[in-house]
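Peer 1: My structure is stored as final-v6.cif, with mmCIF, C-alpha atoms.
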data_run
loop_
_atom_site.label_atom_id
_atom_site.label_comp_id
_atom_site.auth_asym_id
_atom_site.auth_seq_id
_atom_site.Cartn_x
_atom_site.Cartn_y
_atom_site.Cartn_z
CA MET P 1 28.37 37.89 -64.27
CA THR P 2 29.52 41.47 -64.85
CA LEU P 3 32.94 42.74 -63.77
CA PRO P 4 31.46 44.85 -60.91
CA GLY P 5 29.55 41.80 -59.70
CA ALA P 6 32.68 39.66 -59.79
CA ILE P 7 34.59 42.34 -57.85
CA ALA P 8 31.82 42.35 -55.22
CA LEU P 9 32.08 38.57 -54.92
CA MET P 10 35.84 38.81 -54.42
CA ALA P 11 35.25 41.48 -51.79
CA ALA P 12 32.88 39.11 -50.00
CA CYS P 13 35.53 36.37 -49.99
CA LEU P 14 38.16 38.78 -48.64
CA ALA P 15 35.83 40.05 -45.91
CA ALA P 16 35.05 36.44 -44.96
CA VAL P 17 38.72 35.59 -44.47
CA ILE P 18 39.21 38.75 -42.40
CA ASP P 19 36.23 37.80 -40.26
CA TRP P 20 37.49 34.24 -39.71
CA LEU P 21 40.83 35.56 -38.50
CA ALA P 22 39.10 38.10 -36.27
CA VAL P 23 36.86 35.44 -34.71
CA ALA P 24 39.82 33.11 -34.15
CA ARG P 25 41.69 35.93 -32.38
CA ASP P 26 38.55 37.03 -30.49
CA ASP P 27 38.93 40.46 -32.13
CA LEU P 28 35.37 41.72 -31.70
CA ARG P 29 36.09 45.19 -33.10
CA THR P 30 37.17 43.77 -36.47
CA GLU P 31 34.43 41.15 -36.42
CA ARG P 32 31.72 43.80 -36.05
CA ILE P 33 32.85 45.24 -39.39
CA ALA P 34 33.96 42.18 -41.34
CA LYS P 35 31.04 39.87 -40.51
CA PRO P 36 28.24 42.04 -41.96
CA ALA P 37 30.55 43.19 -44.76
CA VAL P 38 30.48 39.69 -46.25
CA ILE P 39 26.72 39.70 -46.77
CA VAL P 40 26.66 43.35 -47.84
CA ALA P 41 29.17 42.48 -50.56
CA LEU P 42 27.08 39.47 -51.64
CA ILE P 43 23.98 41.67 -51.91
CA ALA P 44 26.03 44.09 -54.00
CA ALA P 45 27.14 41.20 -56.22
CA VAL P 46 23.51 40.27 -56.87
CA LEU P 47 22.56 43.86 -57.65
CA LEU P 48 25.56 44.29 -59.96
CA ALA P 49 25.33 40.87 -61.61
CA GLY P 50 23.49 42.23 -64.62
CA PRO P 51 20.22 43.80 -65.74
CA GLY P 52 16.88 42.35 -64.79
CA SER P 53 14.93 41.66 -61.62
CA THR P 54 13.71 38.07 -61.73
CA PRO P 55 11.79 36.46 -58.83
CA VAL P 56 14.87 34.32 -58.12
CA ARG P 57 17.12 37.37 -57.70
CA VAL P 58 14.52 39.11 -55.53
CA LEU P 59 14.27 36.04 -53.29
CA LEU P 60 18.07 35.81 -53.12
CA ILE P 61 18.28 39.43 -51.99
CA ILE P 62 15.57 38.78 -49.37
CA ALA P 63 17.48 35.73 -48.12
CA LEU P 64 20.73 37.67 -47.90
CA ALA P 65 19.08 40.70 -46.26
CA ALA P 66 17.49 38.46 -43.61
CA SER P 67 20.87 36.80 -43.11
CA LEU P 68 22.47 40.22 -42.65
CA ALA P 69 19.91 41.04 -39.96
CA GLY P 70 20.67 37.70 -38.30
CA ASP P 71 24.40 38.36 -38.43
CA LEU P 72 23.98 41.70 -36.70
CA LEU P 73 21.66 40.26 -34.08
CA LEU P 74 24.05 37.41 -33.27
CA LEU P 75 27.13 39.57 -32.83
CA PRO P 76 28.35 39.23 -29.21
CA PRO P 77 26.70 39.41 -26.75
CA GLY P 78 23.99 38.36 -29.21
CA ARG P 79 20.19 38.19 -29.25
CA PHE P 80 19.79 34.53 -30.07
CA THR P 81 16.01 34.31 -30.45
CA ALA P 82 15.79 37.36 -32.71
CA GLY P 83 18.71 36.07 -34.75
CA LEU P 84 17.00 32.68 -35.06
CA VAL P 85 13.87 34.36 -36.46
CA ALA P 86 15.93 36.35 -38.98
CA PHE P 87 17.68 33.25 -40.26
CA LEU P 88 14.39 31.34 -40.34
CA LEU P 89 13.10 33.99 -42.76
CA ALA P 90 16.32 33.64 -44.77
CA HIS P 91 15.84 29.89 -45.14
CA LEU P 92 12.21 30.30 -46.13
CA ALA P 93 13.33 32.74 -48.84
CA TYR P 94 15.98 30.27 -50.03
CA LEU P 95 13.35 27.51 -50.03
CA ALA P 96 10.99 29.61 -52.15
CA LEU P 97 13.92 30.40 -54.45
CA PHE P 98 14.80 26.75 -55.07
CA LEU P 99 11.15 25.90 -55.66
CA GLN P 100 11.20 28.29 -58.64
CA GLY P 101 13.24 25.86 -60.72
CA PRO P 102 12.79 22.24 -61.81
CA LEU P 103 13.21 19.62 -59.10
CA ASP P 104 14.33 16.01 -59.39
CA ALA P 105 12.44 13.48 -57.26
CA GLY P 106 15.40 11.11 -56.96
CA THR P 107 17.80 13.69 -55.60
CA ALA P 108 15.02 15.05 -53.36
CA LEU P 109 14.88 11.60 -51.74
CA VAL P 110 18.64 11.74 -51.26
CA GLY P 111 18.23 15.10 -49.52
CA LEU P 112 15.46 13.67 -47.36
CA GLY P 113 17.69 10.78 -46.33
CA MET P 114 20.55 13.13 -45.49
CA SER P 115 18.18 15.24 -43.39
CA ALA P 116 17.13 12.13 -41.46
CA VAL P 117 20.78 11.33 -40.74
CA VAL P 118 21.41 14.89 -39.54
CA LEU P 119 18.37 14.65 -37.27
CA LEU P 120 19.52 11.36 -35.75
CA VAL P 121 23.17 12.33 -35.30
CA ALA P 122 23.03 16.02 -34.34
CA GLY P 123 19.41 17.06 -34.25
CA ARG P 124 18.25 14.95 -31.34
CA PRO P 125 20.82 16.16 -28.78
CA ILE P 126 20.50 19.75 -29.99
CA LEU P 127 16.70 19.66 -29.75
CA ALA P 128 16.90 18.01 -26.34
CA GLY P 129 19.19 20.74 -25.08
CA ALA P 130 17.03 23.43 -26.65
CA GLY P 131 14.01 21.93 -24.92
CA ARG P 132 15.74 22.11 -21.55
CA ALA P 133 16.52 25.77 -22.30
CA GLY P 134 12.86 26.48 -23.11
CA MET P 135 13.54 26.90 -26.83
CA GLY P 136 12.52 23.50 -28.16
CA GLY P 137 9.69 24.80 -30.36
CA PRO P 138 11.60 27.61 -32.11
CA VAL P 139 14.69 25.47 -32.66
CA ALA P 140 12.58 22.60 -34.05
CA ALA P 141 10.81 24.97 -36.46
CA TYR P 142 14.16 26.36 -37.56
CA PHE P 143 15.59 22.87 -38.01
CA GLY P 144 12.62 21.89 -40.17
CA ALA P 145 12.95 24.99 -42.35
CA ILE P 146 16.66 24.58 -43.02
CA CYS P 147 16.24 20.89 -43.81
CA LEU P 148 13.46 21.68 -46.30
CA MET P 149 15.72 24.31 -47.86
CA ALA P 150 18.57 21.80 -48.21
CA ILE P 151 16.25 19.14 -49.67
CA ALA P 152 14.97 21.63 -52.26
CA ALA P 153 18.53 22.72 -53.09
CA THR P 154 19.56 19.08 -53.52
CA ALA P 155 16.52 18.40 -55.71
CA GLY P 156 17.55 21.29 -57.96
CA VAL P 157 20.61 19.25 -59.03
CA SER P 158 22.97 22.24 -58.72
CA PRO P 159 26.28 21.10 -57.19
CA GLY P 160 27.10 24.57 -55.86
CA ALA P 161 23.67 25.12 -54.31
CA THR P 162 23.64 21.61 -52.85
CA VAL P 163 27.05 21.95 -51.21
CA GLY P 164 26.16 25.45 -50.01
CA ALA P 165 22.90 24.30 -48.45
CA TRP P 166 24.50 21.40 -46.57
CA LEU P 167 27.36 23.61 -45.42
CA PHE P 168 24.67 25.90 -43.99
CA ILE P 169 23.24 22.95 -42.08
CA LEU P 170 26.73 22.03 -40.86
CA SER P 171 27.31 25.60 -39.66
CA ASP P 172 24.01 25.71 -37.81
CA ALA P 173 24.58 22.23 -36.37
CA LEU P 174 27.94 23.37 -35.02
CA LEU P 175 26.32 26.47 -33.54
CA GLY P 176 23.43 24.50 -32.05
CA TRP P 177 25.75 21.83 -30.67
CA ASP P 178 27.94 24.45 -29.04
CA ARG P 179 24.96 26.24 -27.50
CA PHE P 180 22.72 23.35 -26.47
CA ALA P 181 24.64 20.06 -26.44
CA ALA P 182 28.39 20.51 -25.95
CA PRO P 183 30.08 21.07 -22.60
CA PRO P 184 31.39 24.60 -22.05
CA ALA P 185 34.64 25.41 -23.82
CA GLY P 186 37.64 24.91 -21.59
CA SER P 187 39.25 28.22 -22.52
CA ALA P 188 38.67 31.42 -24.45
CA ALA P 189 40.84 30.06 -27.25
CA ALA P 190 38.73 26.91 -27.50
CA ALA P 191 35.54 28.98 -27.59
CA ALA P 192 37.02 31.14 -30.36
CA ARG P 193 37.90 28.04 -32.40
CA ARG P 194 34.33 26.79 -32.10
CA ARG P 195 32.97 30.13 -33.32
CA ALA P 196 35.51 30.22 -36.14
CA ALA P 197 34.33 26.80 -37.39
CA VAL P 198 30.75 28.11 -37.43
CA MET P 199 31.74 31.20 -39.41
CA VAL P 200 33.94 29.41 -41.97
CA THR P 201 31.16 26.98 -42.90
CA TYR P 202 28.52 29.75 -42.81
CA HIS P 203 30.34 32.11 -45.13
CA ALA P 204 31.32 29.30 -47.49
CA ALA P 205 27.63 28.35 -47.64
CA GLN P 206 26.41 31.87 -48.40
CA ILE P 207 29.06 32.46 -51.07
CA LEU P 208 28.37 29.11 -52.77
CA LEU P 209 24.62 29.67 -52.70
CA THR P 210 24.96 33.15 -54.19
CA VAL P 211 27.32 32.02 -56.95
CA ALA P 212 25.13 29.00 -57.76
CA VAL P 213 21.94 31.04 -57.96
CA LEU P 214 23.51 33.78 -60.07
CA GLY P 215 24.90 31.14 -62.42
CA SER P 216 21.60 29.26 -62.81
CA SER P 217 19.47 29.47 -65.92
CA VAL P 218 16.51 30.90 -63.96
CA SER P 219 18.40 33.75 -62.27
#
The structure in this file should be written as C-alpha coordinates.
Peer 2:
Amino acid sequence: MTLPGAIALMAACLAAVIDWLAVARDDLRTERIAKPAVIVALIAAVLLAGPGSTPVRVLLIIALAASLAGDLLLLPPGRFTAGLVAFLLAHLAYLALFLQGPLDAGTALVGLGMSAVVLLVAGRPILAGAGRAGMGGPVAAYFGAICLMAIAATAGVSPGATVGAWLFILSDALLGWDRFAAPPAGSAAAAARRRAAVMVTYHAAQILLTVAVLGSSVS
(Lines of atoms letter the chains of each structure in order from A and count residues from 1; the text may use other names and numbers.)
(Lines give C-alpha, C1' and ligand atoms only; values in the text may rest on other atoms or scores of the structure.)
Protein backbone atom coordinates (compact mmCIF):
# COMPACT_ATOMS: atom_id res chain seq x y z
CA MET A 1 0.00 0.00 0.00
CA THR A 2 1.41 3.39 -0.99
CA LEU A 3 1.22 6.45 1.28
CA PRO A 4 -1.44 8.15 -0.93
CA GLY A 5 -3.50 4.96 -0.84
CA ALA A 6 -3.23 4.76 2.95
CA ILE A 7 -4.28 8.42 3.23
CA ALA A 8 -7.33 7.68 1.05
CA LEU A 9 -8.24 4.77 3.31
CA MET A 10 -8.00 7.00 6.38
CA ALA A 11 -10.17 9.56 4.60
CA ALA A 12 -12.77 6.84 3.98
CA CYS A 13 -12.78 5.94 7.68
CA LEU A 14 -13.18 9.59 8.69
CA ALA A 15 -16.01 10.13 6.20
CA ALA A 16 -17.72 7.00 7.53
CA VAL A 17 -17.68 8.28 11.11
CA ILE A 18 -19.03 11.65 9.95
CA ASP A 19 -21.81 9.88 8.07
CA TRP A 20 -22.75 7.72 11.08
CA LEU A 21 -23.08 10.81 13.26
CA ALA A 22 -25.09 12.58 10.57
CA VAL A 23 -27.49 9.64 10.20
CA ALA A 24 -27.91 9.35 13.97
CA ARG A 25 -28.77 13.07 14.13
CA ASP A 26 -30.97 12.86 11.01
CA ASP A 27 -28.70 15.47 9.39
CA LEU A 28 -29.53 14.81 5.74
CA ARG A 29 -27.42 17.69 4.42
CA THR A 30 -24.23 16.23 5.89
CA GLU A 31 -25.24 12.68 4.99
CA ARG A 32 -25.62 13.60 1.31
CA ILE A 33 -21.92 14.53 1.29
CA ALA A 34 -20.39 12.07 3.75
CA LYS A 35 -22.13 8.90 2.58
CA PRO A 36 -20.85 8.90 -1.03
CA ALA A 37 -17.52 10.33 0.14
CA VAL A 38 -16.72 7.03 1.87
CA ILE A 39 -16.89 5.01 -1.34
CA VAL A 40 -15.22 7.72 -3.41
CA ALA A 41 -12.29 7.60 -0.98
CA LEU A 42 -12.16 3.79 -1.19
CA ILE A 43 -12.07 3.96 -4.99
CA ALA A 44 -9.24 6.48 -4.69
CA ALA A 45 -7.41 4.11 -2.34
CA VAL A 46 -7.61 1.34 -4.93
CA LEU A 47 -6.38 3.62 -7.71
CA LEU A 48 -3.53 4.92 -5.55
CA ALA A 49 -2.58 1.58 -4.00
CA GLY A 50 0.23 1.02 -6.46
CA PRO A 51 1.01 0.37 -10.11
CA GLY A 52 -0.78 -2.28 -12.10
CA SER A 53 -4.32 -3.05 -13.19
CA THR A 54 -5.08 -6.66 -12.30
CA PRO A 55 -8.52 -8.24 -12.88
CA VAL A 56 -9.03 -8.26 -9.10
CA ARG A 57 -8.49 -4.50 -8.81
CA VAL A 58 -10.74 -3.85 -11.80
CA LEU A 59 -13.51 -5.96 -10.24
CA LEU A 60 -13.02 -4.17 -6.91
CA ILE A 61 -13.43 -0.80 -8.61
CA ILE A 62 -16.56 -2.06 -10.39
CA ALA A 63 -17.98 -3.30 -7.07
CA LEU A 64 -17.25 0.01 -5.36
CA ALA A 65 -18.59 2.08 -8.28
CA ALA A 66 -21.85 0.09 -8.27
CA SER A 67 -22.02 0.56 -4.50
CA LEU A 68 -21.56 4.30 -4.95
CA ALA A 69 -24.47 4.35 -7.39
CA GLY A 70 -26.54 2.40 -4.87
CA ASP A 71 -25.61 4.80 -2.09
CA LEU A 72 -26.77 7.77 -4.13
CA LEU A 73 -29.98 6.06 -5.16
CA LEU A 74 -30.85 5.12 -1.57
CA LEU A 75 -30.32 8.57 -0.11
CA PRO A 76 -33.66 9.81 1.31
CA PRO A 77 -36.30 9.74 -0.03
CA GLY A 78 -34.61 6.88 -1.89
CA ARG A 79 -35.29 4.81 -5.00
CA PHE A 80 -35.22 1.37 -3.43
CA THR A 81 -35.59 -0.82 -6.52
CA ALA A 82 -32.90 1.02 -8.47
CA GLY A 83 -30.62 0.94 -5.43
CA LEU A 84 -31.24 -2.80 -5.08
CA VAL A 85 -30.16 -3.36 -8.69
CA ALA A 86 -26.99 -1.29 -8.18
CA PHE A 87 -25.99 -3.28 -5.11
CA LEU A 88 -26.86 -6.55 -6.87
CA LEU A 89 -24.27 -5.62 -9.51
CA ALA A 90 -21.81 -4.77 -6.73
CA HIS A 91 -22.21 -8.20 -5.15
CA LEU A 92 -21.84 -9.95 -8.48
CA ALA A 93 -18.57 -8.05 -9.01
CA TYR A 94 -17.39 -9.03 -5.52
CA LEU A 95 -18.36 -12.65 -6.25
CA ALA A 96 -16.36 -12.64 -9.49
CA LEU A 97 -13.46 -11.07 -7.58
CA PHE A 98 -13.36 -13.79 -4.93
CA LEU A 99 -13.60 -16.49 -7.58
CA GLN A 100 -10.28 -15.24 -8.99
CA GLY A 101 -8.34 -16.72 -6.09
CA PRO A 102 -8.02 -20.21 -4.60
CA LEU A 103 -11.03 -21.48 -2.68
CA ASP A 104 -11.20 -23.96 0.19
CA ALA A 105 -14.05 -26.48 0.07
CA GLY A 106 -14.23 -26.85 3.85
CA THR A 107 -14.66 -23.17 4.57
CA ALA A 108 -17.07 -22.91 1.63
CA LEU A 109 -19.29 -25.42 3.45
CA VAL A 110 -19.04 -23.28 6.58
CA GLY A 111 -20.20 -20.28 4.53
CA LEU A 112 -23.05 -22.33 3.09
CA GLY A 113 -24.15 -23.33 6.57
CA MET A 114 -24.03 -19.73 7.77
CA SER A 115 -26.11 -18.67 4.77
CA ALA A 116 -28.73 -21.29 5.67
CA VAL A 117 -28.90 -19.91 9.21
CA VAL A 118 -29.31 -16.36 7.91
CA LEU A 119 -32.10 -17.53 5.61
CA LEU A 120 -33.95 -19.29 8.43
CA VAL A 121 -33.55 -16.52 11.00
CA ALA A 122 -33.84 -13.31 8.97
CA GLY A 123 -34.39 -14.27 5.36
CA ARG A 124 -37.80 -15.88 5.69
CA PRO A 125 -39.59 -12.93 7.36
CA ILE A 126 -37.83 -10.44 5.09
CA LEU A 127 -38.77 -12.38 1.95
CA ALA A 128 -42.33 -12.80 3.20
CA GLY A 129 -42.64 -9.06 3.74
CA ALA A 130 -41.03 -8.34 0.39
CA GLY A 131 -43.52 -10.67 -1.25
CA ARG A 132 -46.43 -8.81 0.31
CA ALA A 133 -44.91 -5.58 -1.04
CA GLY A 134 -44.66 -7.05 -4.55
CA MET A 135 -40.87 -7.29 -4.42
CA GLY A 136 -40.38 -10.94 -3.54
CA GLY A 137 -38.53 -11.85 -6.74
CA PRO A 138 -35.99 -8.99 -6.74
CA VAL A 139 -35.27 -9.33 -3.03
CA ALA A 140 -34.84 -13.12 -3.34
CA ALA A 141 -32.40 -12.65 -6.25
CA TYR A 142 -30.48 -10.09 -4.23
CA PHE A 143 -30.41 -12.35 -1.18
CA GLY A 144 -29.03 -15.20 -3.29
CA ALA A 145 -26.31 -13.02 -4.80
CA ILE A 146 -25.07 -11.63 -1.49
CA CYS A 147 -25.04 -15.10 0.08
CA LEU A 148 -22.99 -16.47 -2.82
CA MET A 149 -20.60 -13.54 -2.42
CA ALA A 150 -20.20 -14.25 1.30
CA ILE A 151 -19.69 -17.98 0.69
CA ALA A 152 -16.97 -17.23 -1.87
CA ALA A 153 -15.32 -14.73 0.49
CA THR A 154 -15.37 -17.31 3.28
CA ALA A 155 -13.93 -19.96 0.96
CA GLY A 156 -11.05 -17.62 0.15
CA VAL A 157 -9.83 -18.01 3.75
CA SER A 158 -9.16 -14.27 4.16
CA PRO A 159 -10.24 -13.15 7.65
CA GLY A 160 -10.76 -9.55 6.56
CA ALA A 161 -12.78 -10.44 3.47
CA THR A 162 -14.83 -13.00 5.40
CA VAL A 163 -15.74 -10.58 8.19
CA GLY A 164 -16.42 -7.84 5.63
CA ALA A 165 -18.73 -10.05 3.60
CA TRP A 166 -20.78 -11.17 6.60
CA LEU A 167 -20.98 -7.61 7.90
CA PHE A 168 -22.43 -6.73 4.49
CA ILE A 169 -25.07 -9.41 4.98
CA LEU A 170 -25.78 -8.10 8.48
CA SER A 171 -26.20 -4.56 7.13
CA ASP A 172 -28.57 -5.68 4.40
CA ALA A 173 -30.47 -7.91 6.83
CA LEU A 174 -30.97 -4.92 9.13
CA LEU A 175 -32.13 -2.82 6.18
CA GLY A 176 -34.45 -5.54 4.89
CA TRP A 177 -35.85 -6.22 8.36
CA ASP A 178 -36.56 -2.54 8.90
CA ARG A 179 -38.26 -2.20 5.52
CA PHE A 180 -40.18 -5.46 5.24
CA ALA A 181 -40.46 -7.20 8.62
CA ALA A 182 -40.17 -4.80 11.56
CA PRO A 183 -43.00 -2.65 12.88
CA PRO A 184 -42.66 1.07 12.13
CA ALA A 185 -40.21 2.94 14.33
CA GLY A 186 -41.91 4.61 17.26
CA SER A 187 -40.13 7.92 16.78
CA ALA A 188 -37.80 9.79 14.47
CA ALA A 189 -34.94 9.07 16.86
CA ALA A 190 -35.65 5.34 16.76
CA ALA A 191 -35.77 5.41 12.95
CA ALA A 192 -32.43 7.25 12.89
CA ARG A 193 -30.86 4.64 15.17
CA ARG A 194 -32.02 1.86 12.85
CA ARG A 195 -30.49 3.62 9.84
CA ALA A 196 -27.28 4.29 11.76
CA ALA A 197 -26.90 0.56 12.53
CA VAL A 198 -27.28 -0.19 8.81
CA MET A 199 -24.63 2.37 7.87
CA VAL A 200 -22.08 1.38 10.53
CA THR A 201 -22.12 -2.27 9.44
CA TYR A 202 -22.19 -1.31 5.75
CA HIS A 203 -19.19 0.99 5.87
CA ALA A 204 -17.23 -1.42 8.07
CA ALA A 205 -17.93 -4.11 5.45
CA GLN A 206 -16.78 -2.01 2.50
CA ILE A 207 -13.62 -0.85 4.26
CA LEU A 208 -12.69 -4.38 5.38
CA LEU A 209 -13.35 -5.81 1.92
CA THR A 210 -11.22 -3.14 0.26
CA VAL A 211 -8.33 -3.56 2.69
CA ALA A 212 -8.48 -7.36 2.42
CA VAL A 213 -8.50 -7.35 -1.38
CA LEU A 214 -5.68 -4.81 -1.64
CA GLY A 215 -3.64 -6.87 0.80
CA SER A 216 -4.19 -10.19 -0.99
CA SER A 217 -1.54 -11.87 -3.08
CA VAL A 218 -3.71 -11.71 -6.23
CA SER A 219 -4.48 -7.98 -6.06
Peer 1: Report the distance between CA of Ala66 (chain P) and CA of Leu209 (chain P) in Å, rounded to one decimal place.
Peer 2: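 Computed distance, CA of Ala66 (chain P) to CA of Leu209 (chain P), equals 14.5 Å.
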Peer 1: Taking into account only C-alpha atoms, which residue in the set P:Met10, P:Ala82, P:Ala197, P:Leu73 is nearest to Trp177 (chain P)?
Peer 2: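 The shortest atom-to-atom distance to Trp177 (chain P) comes from P:Ala197.
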Peer 1: Name every residue that the PyMOL selection byres ((chain P and resi 118-129) around 10) selects in this structure, writing the answer as an mmCIF file with C-alpha atoms, in the frame of the given file with chains first and numbers rising.
Peer 2:
data_model
loop_
_atom_site.group_PDB
_atom_site.id
_atom_site.type_symbol
_atom_site.label_atom_id
_atom_site.label_comp_id
_atom_site.auth_asym_id
_atom_site.auth_seq_id
_atom_site.Cartn_x
_atom_site.Cartn_y
_atom_site.Cartn_z
ATOM 1 C CA LEU P 112 15.460 13.670 -47.360
ATOM 2 C CA GLY P 113 17.690 10.780 -46.330
ATOM 3 C CA MET P 114 20.550 13.130 -45.490
ATOM 4 C CA SER P 115 18.180 15.240 -43.390
ATOM 5 C CA ALA P 116 17.130 12.130 -41.460
ATOM 6 C CA VAL P 117 20.780 11.330 -40.740
ATOM 7 C CA ALA P 130 17.030 23.430 -26.650
ATOM 8 C CA GLY P 131 14.010 21.930 -24.920
ATOM 9 C CA ARG P 132 15.740 22.110 -21.550
ATOM 10 C CA ALA P 133 16.520 25.770 -22.300
ATOM 11 C CA GLY P 134 12.860 26.480 -23.110
ATOM 12 C CA MET P 135 13.540 26.900 -26.830
ATOM 13 C CA GLY P 136 12.520 23.500 -28.160
ATOM 14 C CA GLY P 137 9.690 24.800 -30.360
ATOM 15 C CA PRO P 138 11.600 27.610 -32.110
ATOM 16 C CA VAL P 139 14.690 25.470 -32.660
ATOM 17 C CA ALA P 140 12.580 22.600 -34.050
ATOM 18 C CA PHE P 143 15.590 22.870 -38.010
ATOM 19 C CA GLY P 144 12.620 21.890 -40.170
ATOM 20 C CA CYS P 147 16.240 20.890 -43.810
ATOM 21 C CA ILE P 169 23.240 22.950 -42.080
ATOM 22 C CA LEU P 170 26.730 22.030 -40.860
ATOM 23 C CA ALA P 173 24.580 22.230 -36.370
ATOM 24 C CA LEU P 174 27.940 23.370 -35.020
ATOM 25 C CA LEU P 175 26.320 26.470 -33.540
ATOM 26 C CA GLY P 176 23.430 24.500 -32.050
ATOM 27 C CA TRP P 177 25.750 21.830 -30.670
ATOM 28 C CA ASP P 178 27.940 24.450 -29.040
ATOM 29 C CA ARG P 179 24.960 26.240 -27.500
ATOM 30 C CA PHE P 180 22.720 23.350 -26.470
ATOM 31 C CA ALA P 181 24.640 20.060 -26.440
ATOM 32 C CA ALA P 182 28.390 20.510 -25.950
#
Peer 1: From the set P:Arg32, P:Tyr142, P:Pro159, P:Ala93, which residue has the shortest atom-to-atom contact distance to Val211 (chain P), counting all atoms listed in the file?
Peer 2: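 So, comparing all the options, the nearest one is P:Pro159.
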Peer 1: Apply the PyMOL selection byres ((chain P and resi 195) around 9) to the structure shown and report the selected residues as a PyMOL selection string.
Peer 2: chain P and resi 20+23-24+174-175+178+190-194+196-200
Peer 1: Choose the residue, out of P:Ala34, P:Leu84, P:Ala153, P:Ala141, that has the smallest atom-to-atom separation from Ala108 (chain P); count all atoms listed in the file.
Peer 2: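 Of P:Ala34, P:Leu84, P:Ala153, P:Ala141, the one nearest Ala108 (chain P) is P:Ala153, counting all atoms listed in the file.
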Peer 1: Any chance you could work out the residue set of the PyMOL selection byres ((chain P and resi 87) around 9) here, as a list in words?
Peer 2: Ala63, Ala66, Ser67, Leu68, Ala69, Gly70, Asp71, Ala82, Gly83, Leu84, Val85, Ala86, Leu88, Leu89, Ala90, His91, Leu92 and Tyr142 of chain P
Peer 1: In Å, rounded to a single decimal, give me how far CA of Ala44 (chain P) is from CA of Ala161 (chain P).
Peer 2: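 Separation of CA of Ala161 (chain P) and CA of Ala44 (chain P): 19.1 Å.
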Peer 1: Go through P:Leu167, P:Ala105, P:Leu64, P:Leu99 and flag the residue nearest Leu148 (chain P), using only C-alpha atoms for the distances.
Peer 2: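 Once distances to Leu148 (chain P) are computed over only C-alpha atoms, the minimum belongs to P:Leu99.
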Peer 1: I'd like the interatomic distance between CA of Ala96 (chain P) and CA of Val58 (chain P), to a tenth of an Å.
Peer 2: 10.7 Å
Peer 1: List the neighbours of Met1 (chain P) out to 8 Å using all atoms listed in the file; skip same-chain residues closer than 6 positions along the sequence, and give me the result as a list in words.
Peer 2: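 Final neighbour list, sorted by chain and number: Ala49, Gly50, Leu214 and Gly215 of chain P.
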Peer 1: Using only C-alpha atoms, determine which residues lie at most 8 Å from region 202-205 of chain P, disregarding the query and same-chain residues fewer than 3 positions distant; provide the list as a VMD selection string.
Peer 2: chain P and resid 16 38 163 to 168 171 to 172 198 to 199 208 to 209
Peer 1: Go through P:Leu21, P:Ala189, P:Val40, P:Ile146 one by one, measure the shortest atom-to-atom distance of each to Leu72 (chain P) using all atoms listed in the file, and give the residue with the smallest value.
Peer 2: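 Comparing P:Leu21, P:Ala189, P:Val40, P:Ile146 against Leu72 (chain P), the winner is P:Val40.
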Peer 1: Might you pull out every residue within 10 Å of Ile43 (chain P), with all atoms listed in the file counted and same-chain residues fewer than 3 positions away left off, and present them as a list in words?
Peer 2: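 Surrounding residues, per the criterion: Gly5, Ala8, Leu9, Ala12, Ala37, Val38, Ile39, Val40, Val46, Leu47, Leu48, Ala49, Arg57, Leu60, Ile61, Ile62, Ala63, Leu64, Ala65, Leu68 and Thr210 of chain P.
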Peer 1: In file coordinates, which residues lie within 12 Å of (13.3, 25.5, -61.7) using all atoms listed in the file, given as an mmCIF file with C-alpha atoms, in the coordinates of the input?
Peer 2:
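Dumped to part-v2.cif:
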data_model
loop_
_atom_site.group_PDB
_atom_site.id
_atom_site.type_symbol
_atom_site.label_atom_id
_atom_site.label_comp_id
_atom_site.auth_asym_id
_atom_site.auth_seq_id
_atom_site.Cartn_x
_atom_site.Cartn_y
_atom_site.Cartn_z
ATOM 1 C CA PRO P 55 11.790 36.460 -58.830
ATOM 2 C CA VAL P 56 14.870 34.320 -58.120
ATOM 3 C CA LEU P 95 13.350 27.510 -50.030
ATOM 4 C CA ALA P 96 10.990 29.610 -52.150
ATOM 5 C CA LEU P 97 13.920 30.400 -54.450
ATOM 6 C CA PHE P 98 14.800 26.750 -55.070
ATOM 7 C CA LEU P 99 11.150 25.900 -55.660
ATOM 8 C CA GLN P 100 11.200 28.290 -58.640
ATOM 9 C CA GLY P 101 13.240 25.860 -60.720
ATOM 10 C CA PRO P 102 12.790 22.240 -61.810
ATOM 11 C CA LEU P 103 13.210 19.620 -59.100
ATOM 12 C CA ASP P 104 14.330 16.010 -59.390
ATOM 13 C CA ALA P 152 14.970 21.630 -52.260
ATOM 14 C CA ALA P 153 18.530 22.720 -53.090
ATOM 15 C CA ALA P 155 16.520 18.400 -55.710
ATOM 16 C CA GLY P 156 17.550 21.290 -57.960
ATOM 17 C CA VAL P 157 20.610 19.250 -59.030
ATOM 18 C CA SER P 158 22.970 22.240 -58.720
ATOM 19 C CA VAL P 213 21.940 31.040 -57.960
ATOM 20 C CA SER P 216 21.600 29.260 -62.810
ATOM 21 C CA SER P 217 19.470 29.470 -65.920
ATOM 22 C CA VAL P 218 16.510 30.900 -63.960
ATOM 23 C CA SER P 219 18.400 33.750 -62.270
#
Peer 1: With all atoms listed in the file as the basis for distance, which of P:Gly111, P:Met149, P:Ile207, P:Gly186 is at the shortest distance from Ala11 (chain P)?
Peer 2: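 For Ala11 (chain P), the nearest of the candidates is P:Ile207.
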